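These notes concern the structure reproduced below.
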Amino acid sequence: KTFVLTRRAQYMIMQGIDASQILLTTFTNKAANEIKERIVKVVGDEGKRITVGTFHSICNRILRQYGEKLGYSKTFTIIDESDSEKIMKAAAKQYGLEMKDVKFYIAQCKANLLTPAMALAKATKTDMDLANCYQIYQDELKRTQGMDFDDLLLNAVILLEQHADVKQALNNKWKFLEGDEIQDSSETDARLMELLAGEEQNVFFVGDDFQSIYGFRHANVELMLNLKKRYPNLQWINLQNNYRSTNTIVYGAKTLIDKNKNQLKKTLIAARNIEGSKIVQTKCRNQEDEATKMINYIKFVHDKRNVPYSEIAVLYRMTYLSRNLEQALMKERIPYTLIGGTPFFCRAEILDILSYLKIIINEYDMTAFKRSIAIPKRGVGEKSIDVIDEFARTYPGKELSIREAVGHKDLKLRGKADKAIKEYAKFLDLLEAKYLELSPSELIKWLITELEYVDYLKDTYKDEGEVQSRVENLFELVNVAAEYSSLEDLLVQAALYREDLDDKKDAVQLLTMHKSKGLEFKTVIVVGCAEGISPHHKALGDPKQLEEERRLMYVAMTRAKDYLFMTYPSSVKMQGMDTYAKPSRFLNEIDSKYVHKN
């Protein structure tokens, strides 16, 4: 799919279309970077003028330019999930609600293009408190000039709907739109593309409804299935050749996905035309035995079929299933990489350093203030922070920014906190002076040294290996910062880029089925093929969710080029007790002529 999208963009540029008029959307930063590199490789420097990015990065660009029309400065902060949850938790507490319920409600509202005012207007007696929490949450974000990830999309849509001049300017700028992975679109994504397409509707999408697996992120496969309603002149082109897998894997997986009723009917052709080995389905006594069988299959393809470790992937439905697998691999000294650990820009030491930089760029950023005032410990507790917050909100004449409040002569705190906050304010002034003088990487090096942050890590983490790992992350942050000429650009990238760094070593890849999407390996081992695991127990009573679970298994199976193994335990541990497990219904839905059972 991505190849087709890329070649079309290359072709348009080679036909004389101005590359700056092409907008290409992807679902990951990694894909965006790869696509741009491929385009430039073929068409040269003209390809650098094309706009390629995720929906979030494109909306960020739009809002930095036009956000003032919605009351946001160009230096608004993109807050991360942990900071977002702290604000939600405070709002939930006011109404005696659970934070997770508030979080789910707000995400649902934003995915369905509902502002707090709209949510309040349609709220019933049962969800009125949730709607009030949504209003409190958004008010706090606006006050601190912050947006969460969902706001980037929602605010861009609001901007385009409410300001015709902005919409017209963007329609004139981007005349040719391309969208990757259309099956993963939410209502907000779809509306955004519709607004950017303008009256000409010059759009090109690629997608595969068989691979729509992000319902929990508000993706809606119906949007792809009903695309013609939005774009009446749309032409469908079926890409039916699969160049990745053997005949057995392509047609075996097709017999599984054909059990879904809600889908576009299409023919699939295994273009390699190699019969290949049968899909091996293996019954295991328990999860420990399943890990042993996994080791056997890894050794077989690695030793007998010369498959490199890096071309072997072990896929599972839930992250906790990796524990037994990791233990088995460590015991056998087989190198492995766990994909989907904590992303680089979400690591505590990186967030600590970036919090200081954020408060320099956005002086209203309360979450950055709360994190930076606590690192290193200064003796400024929650009560003092509440006093500062109240002082900023209620100062006569105008509301103060956090920077203005902490440095204000009228701010009075008790004892040690008063002295500490004055020293902190002076430090921020010094940091701002250095910001004007140093490059981003030099500024970060200076900040780490000035905070004596490495000593702080040694005091906080007693394990030498962990300290060393975190120090290495700081070195990497300095390296990353060296790629940016402005601190603002670095902070935007840090907020938007949530993927883990590539690991190039020859190692077996352990990852969830969801994380495997878009990847391919010579050998795939899918573990945990049991009812309640895959399909997930929450989907068992819901036909719509069950179809998504089937699509997820289809994605897992079709990552394999040559060898596919599927294992299932006869018993699993539930709260420390061995419990009988039935084989996944998906195993029997694959036509038996493509399967070898053992």
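Residue numbers start at 1 in each chain; chains themselves are named A, B, ... in the order of the structure tokens; ligands are numbered from 1 in the order shown.
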Skip A:Gly407 itself and residues of its chain fewer than 5 positions away, then list as a PyMOL selection string all residues within 8 Å of it, counting only C-alpha atoms.
chain A and resi 421-422+425-426
Okay, now the selection with N, CA and C atoms, as an mmCIF file, in the first residue's frame?
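Output contents, as saved in again.cif:
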```cif
data_model
loop_
_atom_site.group_PDB
_atom_site.id
_atom_site.type_symbol
_atom_site.label_atom_id
_atom_site.label_comp_id
_atom_site.auth_asym_id
_atom_site.auth_seq_id
_atom_site.Cartn_x
_atom_site.Cartn_y
_atom_site.Cartn_z
ATOM 1 N N ILE A 421 11.582 28.923 46.014
ATOM 2 C CA ILE A 421 10.892 29.367 44.800
ATOM 3 C C ILE A 421 11.584 30.583 44.203
ATOM 4 N N LYS A 422 12.188 31.412 45.052
ATOM 5 C CA LYS A 422 12.943 32.571 44.549
ATOM 6 C C LYS A 422 14.198 32.103 43.807
ATOM 7 N N ALA A 425 13.095 30.716 40.462
ATOM 8 C CA ALA A 425 12.773 31.790 39.509
ATOM 9 C C ALA A 425 14.049 32.383 38.910
ATOM 10 N N LYS A 426 15.069 32.549 39.760
ATOM 11 C CA LYS A 426 16.357 33.067 39.265
ATOM 12 C C LYS A 426 16.996 32.088 38.285
#
```
Please provide as a VMD selection string all residues within 12 Å of A:Lys86, with the sequence filter that same-chain residues fewer than 2 positions apart are discarded (counting only C-alpha atoms).
chain A and resid 79 to 84 88 to 93 99 to 100 102 to 103 137 140 to 141 366 to 367 370 to 371
Could you take the residues named above and write them with N, CA, C and O atoms, as a PDB file, in the first residue's frame?
```pdb
ATOM      1  N   ILE A  79       0.868  18.408  25.668  1.00  0.00           N
ATOM      2  CA  ILE A  79       1.098  17.701  26.930  1.00  0.00           C
ATOM      3  C   ILE A  79       1.042  16.190  26.708  1.00  0.00           C
ATOM      4  O   ILE A  79       0.297  15.712  25.852  1.00  0.00           O
ATOM      5  N   ASP A  80       1.844  15.460  27.484  1.00  0.00           N
ATOM      6  CA  ASP A  80       1.862  14.005  27.316  1.00  0.00           C
ATOM      7  C   ASP A  80       0.772  13.353  28.163  1.00  0.00           C
ATOM      8  O   ASP A  80       0.064  14.019  28.931  1.00  0.00           O
ATOM      9  N   GLU A  81       0.642  12.061  28.027  1.00  0.00           N
ATOM     10  CA  GLU A  81      -0.472  11.340  28.661  1.00  0.00           C
ATOM     11  C   GLU A  81      -0.435  11.439  30.178  1.00  0.00           C
ATOM     12  O   GLU A  81      -1.474  11.621  30.821  1.00  0.00           O
ATOM     13  N   SER A  82       0.747  11.333  30.776  1.00  0.00           N
ATOM     14  CA  SER A  82       0.830  11.363  32.242  1.00  0.00           C
ATOM     15  C   SER A  82       0.398  12.720  32.789  1.00  0.00           C
ATOM     16  O   SER A  82      -0.309  12.801  33.799  1.00  0.00           O
ATOM     17  N   ASP A  83       0.808  13.807  32.121  1.00  0.00           N
ATOM     18  CA  ASP A  83       0.397  15.146  32.557  1.00  0.00           C
ATOM     19  C   ASP A  83      -1.097  15.348  32.349  1.00  0.00           C
ATOM     20  O   ASP A  83      -1.785  15.957  33.171  1.00  0.00           O
ATOM     21  N   SER A  84      -1.594  14.825  31.243  1.00  0.00           N
ATOM     22  CA  SER A  84      -3.030  14.908  30.944  1.00  0.00           C
ATOM     23  C   SER A  84      -3.833  14.209  32.038  1.00  0.00           C
ATOM     24  O   SER A  84      -4.850  14.727  32.518  1.00  0.00           O
ATOM     25  N   MET A  88      -6.933  15.394  34.621  1.00  0.00           N
ATOM     26  CA  MET A  88      -8.206  14.662  34.656  1.00  0.00           C
ATOM     27  C   MET A  88      -8.505  14.147  36.060  1.00  0.00           C
ATOM     28  O   MET A  88      -9.658  14.153  36.504  1.00  0.00           O
ATOM     29  N   LYS A  89      -7.464  13.679  36.738  1.00  0.00           N
ATOM     30  CA  LYS A  89      -7.641  13.135  38.083  1.00  0.00           C
ATOM     31  C   LYS A  89      -8.182  14.199  39.033  1.00  0.00           C
ATOM     32  O   LYS A  89      -9.080  13.936  39.840  1.00  0.00           O
ATOM     33  N   ALA A  90      -7.637  15.416  38.907  1.00  0.00           N
ATOM     34  CA  ALA A  90      -8.103  16.521  39.762  1.00  0.00           C
ATOM     35  C   ALA A  90      -9.557  16.867  39.454  1.00  0.00           C
ATOM     36  O   ALA A  90     -10.360  17.114  40.362  1.00  0.00           O
ATOM     37  N   ALA A  91      -9.913  16.853  38.162  1.00  0.00           N
ATOM     38  CA  ALA A  91     -11.299  17.145  37.771  1.00  0.00           C
ATOM     39  C   ALA A  91     -12.230  16.043  38.266  1.00  0.00           C
ATOM     40  O   ALA A  91     -13.319  16.318  38.796  1.00  0.00           O
ATOM     41  N   ALA A  92     -11.804  14.792  38.108  1.00  0.00           N
ATOM     42  CA  ALA A  92     -12.628  13.657  38.533  1.00  0.00           C
ATOM     43  C   ALA A  92     -12.887  13.685  40.036  1.00  0.00           C
ATOM     44  O   ALA A  92     -13.989  13.366  40.503  1.00  0.00           O
ATOM     45  N   LYS A  93     -11.871  14.108  40.796  1.00  0.00           N
ATOM     46  CA  LYS A  93     -11.980  14.156  42.255  1.00  0.00           C
ATOM     47  C   LYS A  93     -13.096  15.103  42.697  1.00  0.00           C
ATOM     48  O   LYS A  93     -13.810  14.841  43.663  1.00  0.00           O
ATOM     49  N   MET A  99     -10.852   8.452  37.488  1.00  0.00           N
ATOM     50  CA  MET A  99     -10.128   9.126  36.413  1.00  0.00           C
ATOM     51  C   MET A  99     -10.269   8.383  35.087  1.00  0.00           C
ATOM     52  O   MET A  99     -10.449   8.988  34.031  1.00  0.00           O
ATOM     53  N   LYS A 100     -10.228   7.029  35.127  1.00  0.00           N
ATOM     54  CA  LYS A 100     -10.296   6.256  33.881  1.00  0.00           C
ATOM     55  C   LYS A 100     -11.624   6.469  33.153  1.00  0.00           C
ATOM     56  O   LYS A 100     -11.671   6.471  31.921  1.00  0.00           O
ATOM     57  N   VAL A 102     -13.427   9.268  33.304  1.00  0.00           N
ATOM     58  CA  VAL A 102     -13.347  10.619  32.735  1.00  0.00           C
ATOM     59  C   VAL A 102     -12.493  10.609  31.470  1.00  0.00           C
ATOM     60  O   VAL A 102     -12.850  11.202  30.446  1.00  0.00           O
ATOM     61  N   LYS A 103     -11.384   9.894  31.546  1.00  0.00           N
ATOM     62  CA  LYS A 103     -10.467   9.800  30.400  1.00  0.00           C
ATOM     63  C   LYS A 103     -11.174   9.192  29.191  1.00  0.00           C
ATOM     64  O   LYS A 103     -11.065   9.696  28.067  1.00  0.00           O
ATOM     65  N   TYR A 137     -11.410  20.169  32.471  1.00  0.00           N
ATOM     66  CA  TYR A 137     -10.150  19.716  31.858  1.00  0.00           C
ATOM     67  C   TYR A 137      -9.735  20.647  30.721  1.00  0.00           C
ATOM     68  O   TYR A 137      -8.590  21.106  30.659  1.00  0.00           O
ATOM     69  N   GLU A 140      -8.612  24.096  31.896  1.00  0.00           N
ATOM     70  CA  GLU A 140      -7.261  24.085  32.475  1.00  0.00           C
ATOM     71  C   GLU A 140      -6.204  24.010  31.373  1.00  0.00           C
ATOM     72  O   GLU A 140      -5.175  24.701  31.439  1.00  0.00           O
ATOM     73  N   LEU A 141      -6.450  23.211  30.353  1.00  0.00           N
ATOM     74  CA  LEU A 141      -5.510  23.142  29.232  1.00  0.00           C
ATOM     75  C   LEU A 141      -5.385  24.506  28.558  1.00  0.00           C
ATOM     76  O   LEU A 141      -4.285  24.966  28.251  1.00  0.00           O
ATOM     77  N   MET A 366       1.800  24.751  33.357  1.00  0.00           N
ATOM     78  CA  MET A 366       1.754  24.339  34.757  1.00  0.00           C
ATOM     79  C   MET A 366       2.343  22.946  34.966  1.00  0.00           C
ATOM     80  O   MET A 366       3.026  22.691  35.959  1.00  0.00           O
ATOM     81  N   THR A 367       2.104  22.020  34.031  1.00  0.00           N
ATOM     82  CA  THR A 367       2.628  20.664  34.202  1.00  0.00           C
ATOM     83  C   THR A 367       4.159  20.651  34.131  1.00  0.00           C
ATOM     84  O   THR A 367       4.815  19.923  34.869  1.00  0.00           O
ATOM     85  N   LYS A 370       5.365  21.975  37.497  1.00  0.00           N
ATOM     86  CA  LYS A 370       5.270  20.998  38.590  1.00  0.00           C
ATOM     87  C   LYS A 370       6.383  19.955  38.510  1.00  0.00           C
ATOM     88  O   LYS A 370       6.908  19.521  39.537  1.00  0.00           O
ATOM     89  N   ARG A 371       6.736  19.564  37.304  1.00  0.00           N
ATOM     90  CA  ARG A 371       7.799  18.556  37.170  1.00  0.00           C
ATOM     91  C   ARG A 371       9.169  19.166  37.453  1.00  0.00           C
ATOM     92  O   ARG A 371       9.990  18.586  38.162  1.00  0.00           O
TER      93      ARG A 371
END
```
As a list of chain:residue names, please: the residues near A:Gln509 (cut-off 6 Å, only C-alpha atoms, same-chain neighbours under 3 positions excluded).
A:Ala313, A:Tyr336, A:Thr337
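Between atom CA of A:Met118 and atom CA of A:Ile106 the interatomic distance comes to 12.0 Å.
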Counting only C-alpha atoms, which residues of stretch 285-336 of chain A sit at most 6 Å from some atom of stretch 510-523 of chain A, and what is each one's closest atom pair with its distance in Å to one decimal, listed by chain and rising residue number, as CSV?
```
residue,atom,partner,partner_atom,distance
A:Glu311,CA,A:Phe521,CA,4.8
A:Ile312,CA,A:Thr523,CA,4.8
A:Ala313,CA,A:Leu510,CA,5.9
A:Val314,CA,A:Leu510,CA,5.0
A:Leu315,CA,A:Thr512,CA,5.2
A:Tyr316,CA,A:Thr512,CA,4.8
A:Arg317,CA,A:Thr512,CA,5.6
```
Each residue of stretch 195-274 of chain A with at least one atom at most 7 Å from stretch 557-573 of chain A should appear once, together with its nearest atom pair and the corresponding distance in Å (one decimal); atoms considered: only C-alpha atoms; ordering: chain, then increasing residue number; output as a tab-separated table.
```
residue	atom	partner	partner_atom	distance
A:Arg244	CA	A:Lys561	CA	5.5
A:Ser245	CA	A:Lys561	CA	4.1
A:Thr246	CA	A:Asp562	CA	5.9
A:Ile249	CA	A:Thr558	CA	6.8
A:Val250	CA	A:Thr558	CA	6.9
A:Ala253	CA	A:Met557	CA	6.5
```
For A:Tyr243: contacts at 9 Å, only C-alpha atoms, fewer than 4 positions along chain excluded, given as a list in words:
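With the cut-off at 9 Å, the set is Ile269, Ala270, Ala271 and Arg272 of chain A.
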Keeping N, CA, C and O atoms, export the residues of the selection given above as a PDB file, in the first residue's frame.
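Ended up saving to out-v2.pdb:
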```pdb
ATOM      1  N   ILE A 269      -4.242 -12.690  -4.608  1.00  0.00           N
ATOM      2  CA  ILE A 269      -3.383 -13.581  -5.389  1.00  0.00           C
ATOM      3  C   ILE A 269      -1.991 -13.602  -4.754  1.00  0.00           C
ATOM      4  O   ILE A 269      -1.401 -12.540  -4.497  1.00  0.00           O
ATOM      5  N   ALA A 270      -1.485 -14.792  -4.477  1.00  0.00           N
ATOM      6  CA  ALA A 270      -0.123 -14.937  -3.949  1.00  0.00           C
ATOM      7  C   ALA A 270       0.845 -14.828  -5.120  1.00  0.00           C
ATOM      8  O   ALA A 270       1.079 -15.807  -5.849  1.00  0.00           O
ATOM      9  N   ALA A 271       1.395 -13.628  -5.317  1.00  0.00           N
ATOM     10  CA  ALA A 271       2.179 -13.340  -6.524  1.00  0.00           C
ATOM     11  C   ALA A 271       3.534 -14.066  -6.551  1.00  0.00           C
ATOM     12  O   ALA A 271       4.112 -14.258  -7.616  1.00  0.00           O
ATOM     13  N   ARG A 272       4.048 -14.473  -5.373  1.00  0.00           N
ATOM     14  CA  ARG A 272       5.314 -15.230  -5.364  1.00  0.00           C
ATOM     15  C   ARG A 272       5.124 -16.615  -5.979  1.00  0.00           C
ATOM     16  O   ARG A 272       6.067 -17.204  -6.495  1.00  0.00           O
TER      17      ARG A 272
END
```
Could you pull out the alpha helix (DSSP H) residues of stretch 126-282 of chain A, going by DSSP on the backbone, and write them as a ChimeraX atom specification?
/A:128-143,149-162,164-173,187-197,221-225,227-230,247-257
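Proximity to A:Thr449 was assessed for A:Ile353, A:Glu290, A:Ala495, A:Asp209 counting only C-alpha atoms; the smallest distance is recorded for A:Ile353.
Closest approach to A:Gln21 from the set A:Gln108, A:Gln94, A:Ser186, A:Asn202 is made by A:Asn202, with distances taken over only C-alpha atoms.
From atom CA of A:Val221 back to atom CA of A:Ala107, the distance works out to 18.1 Å.
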Select from stretch 293-337 of chain A everything DSSP, run on the backbone, classes as strand (DSSP E or B), then give the selection as JSON, numbers by chain.
{"A": [312, 313, 314, 315, 316, 336, 337]}
Å distance separating atom CA of A:Lys445 from atom CA of A:Phe475, one decimal place:
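Result for atom CA of A:Lys445 versus atom CA of A:Phe475: 8.6 Å, one decimal.
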Go through A:Val307, A:Met553, A:Leu431, A:Leu477 one by one, measure the shortest atom-to-atom distance of each to A:Ala494 using only C-alpha atoms, and give the residue with the smallest value.
A:Leu477
Leaving out stretch 384-388 of chain A and any residue of its chain fewer than 2 positions from it, which residues lie within 12 Å of it when counting only C-alpha atoms, given as a PyMOL selection string?
chain A and resi 366-367+369-374+378-382+390-395+399-408+410-421
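Across A:Gly465, A:Gly16, A:Pro116, A:Gly179, the tightest approach to A:Phe55 is made by A:Gly179 when counting only C-alpha atoms.
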When you look at stretch 452-460 of chain A with a cut-off of 12 Å (counting only C-alpha atoms), what residues show up, excluding the ones that are within fewer than 5 positions of it in the same chain? I need them as a ChimeraX atom specification.
/A:348-350,352-353,372,374-377,444-447,465-475
List the spatial neighbours of A:Asp184 as JSON, numbers by chain - criterion: any atom at most 8 Å away, only C-alpha atoms, same-chain residues fewer than 5 positions off excluded.
{"A": [212, 213, 214, 219, 220, 221]}
Let me see the file: selected residues, all heavy atoms, as a short mmCIF file (atom, residue, chain, number, x, y, z; two decimals), in the first residue's frame.
```
data_model
loop_
_atom_site.label_atom_id
_atom_site.label_comp_id
_atom_site.auth_asym_id
_atom_site.auth_seq_id
_atom_site.Cartn_x
_atom_site.Cartn_y
_atom_site.Cartn_z
N SER A 212 -8.04 -3.38 9.63
CA SER A 212 -8.53 -2.35 10.55
C SER A 212 -8.56 -2.93 11.96
O SER A 212 -9.44 -3.73 12.29
CB SER A 212 -9.93 -1.90 10.13
OG SER A 212 -10.40 -0.91 11.02
N ILE A 213 -7.59 -2.55 12.81
CA ILE A 213 -7.43 -3.21 14.12
C ILE A 213 -7.31 -2.20 15.27
O ILE A 213 -6.91 -2.58 16.37
CB ILE A 213 -6.18 -4.13 14.12
CG1 ILE A 213 -4.91 -3.33 13.80
CG2 ILE A 213 -6.37 -5.28 13.15
CD1 ILE A 213 -3.62 -4.13 13.95
N TYR A 214 -7.66 -0.93 15.02
CA TYR A 214 -7.47 0.08 16.06
C TYR A 214 -8.78 0.68 16.56
O TYR A 214 -8.87 1.87 16.81
CB TYR A 214 -6.53 1.18 15.56
CG TYR A 214 -5.11 0.71 15.40
CD1 TYR A 214 -4.51 0.64 14.15
CD2 TYR A 214 -4.37 0.32 16.52
CE1 TYR A 214 -3.20 0.20 14.01
CE2 TYR A 214 -3.06 -0.12 16.38
CZ TYR A 214 -2.49 -0.18 15.12
OH TYR A 214 -1.20 -0.61 14.99
N ALA A 219 -10.62 4.16 15.74
CA ALA A 219 -10.67 3.89 14.30
C ALA A 219 -12.01 3.20 14.01
O ALA A 219 -12.50 2.42 14.81
CB ALA A 219 -9.52 2.99 13.88
N ASN A 220 -12.56 3.52 12.85
CA ASN A 220 -13.87 2.98 12.50
C ASN A 220 -13.82 2.46 11.06
O ASN A 220 -13.76 3.25 10.11
CB ASN A 220 -14.94 4.08 12.64
CG ASN A 220 -16.33 3.58 12.35
OD1 ASN A 220 -16.53 2.41 12.00
ND2 ASN A 220 -17.31 4.45 12.48
N VAL A 221 -13.84 1.13 10.91
CA VAL A 221 -13.73 0.53 9.58
C VAL A 221 -14.88 0.96 8.67
O VAL A 221 -14.75 1.00 7.45
CB VAL A 221 -13.64 -1.01 9.69
CG1 VAL A 221 -14.98 -1.61 10.12
CG2 VAL A 221 -13.17 -1.63 8.38
#
```
